[in-house]
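First up is the structure itself, then whatever we jot down about it.
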Amino acid sequence: MAKSTTPKRPTRDEFELEELGNQLVEAKDDGDERALTVWGMPEKVRGRITVLDSRTRLVHVEENETIRKIPFLDIMKVSYE
């Protein structure tokens, strides 16, 4: 059986995940555009956060009238860039 060469997503503690969640809620409430660093994506995802779906754990990001749904745990950083 061959070993997978895909690197695993870094693990983060509860405090880091809570802080990230707070940043996402703030970004959604502000309605401002943000840049998200997403694990496994070479470029940042830019746009406005429109929905934080706690059931599916997906973050909906709107850019140029297109919605991208990003898994919460794949988001590494939220910035204003």
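Naming works like this for the structure tokens: A, B, ... for the chains as they're shown, residue 1 at the start of each chain, ligands 1 onward in shown order.
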- Message: List as a list in words the protein and nucleic acid residues near region 23-28 of chain A, meaning an atom at most 8 Å away when only C-alpha atoms are counted, but skip any in the same chain fewer than 6 places from it.
- Response: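 The neighbour list is Arg34, Arg48, Ile49, Thr50, Val51, Leu52 and Val78 of chain A.
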Take the residues that were just selected and, keeping C-alpha atoms, output them as an mmCIF file, in the first residue's frame.
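Saved result, out06.cif, follows:
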data_model
loop_
_atom_site.group_PDB
_atom_site.id
_atom_site.type_symbol
_atom_site.label_atom_id
_atom_site.label_comp_id
_atom_site.auth_asym_id
_atom_site.auth_seq_id
_atom_site.Cartn_x
_atom_site.Cartn_y
_atom_site.Cartn_z
ATOM 1 C CA ARG A 34 -11.151 40.128 3.435
ATOM 2 C CA ARG A 48 -16.976 39.319 1.477
ATOM 3 C CA ILE A 49 -18.056 36.678 3.970
ATOM 4 C CA THR A 50 -21.809 36.294 3.529
ATOM 5 C CA VAL A 51 -22.700 33.127 5.480
ATOM 6 C CA LEU A 52 -21.122 31.184 8.334
ATOM 7 C CA VAL A 78 -8.066 36.093 7.873
#
- Write down as a PyMOL selection string the residues belonging to chain A that are assigned strand (DSSP E or B) by DSSP computed on the backbone. chain A and resi 33-38+45-53+58-63+66-71+75-79
- Task: May I have all residues of region 27-67 of chain A that DSSP, computed from the backbone, assigns to helix (DSSP H, G or I), given as a PyMOL selection string?
- Result: chain A and resi 27-30
Residues just named, written with C-alpha atoms as a PDB file, in the first residue's frame:
ATOM      1  CA  ALA A  27     -15.634  40.116   8.968  1.00  0.00           C
ATOM      2  CA  LYS A  28     -19.194  38.992   8.207  1.00  0.00           C
ATOM      3  CA  ASP A  29     -20.712  41.669  10.463  1.00  0.00           C
ATOM      4  CA  ASP A  30     -18.521  44.425   8.957  1.00  0.00           C
TER       5      ASP A  30
END
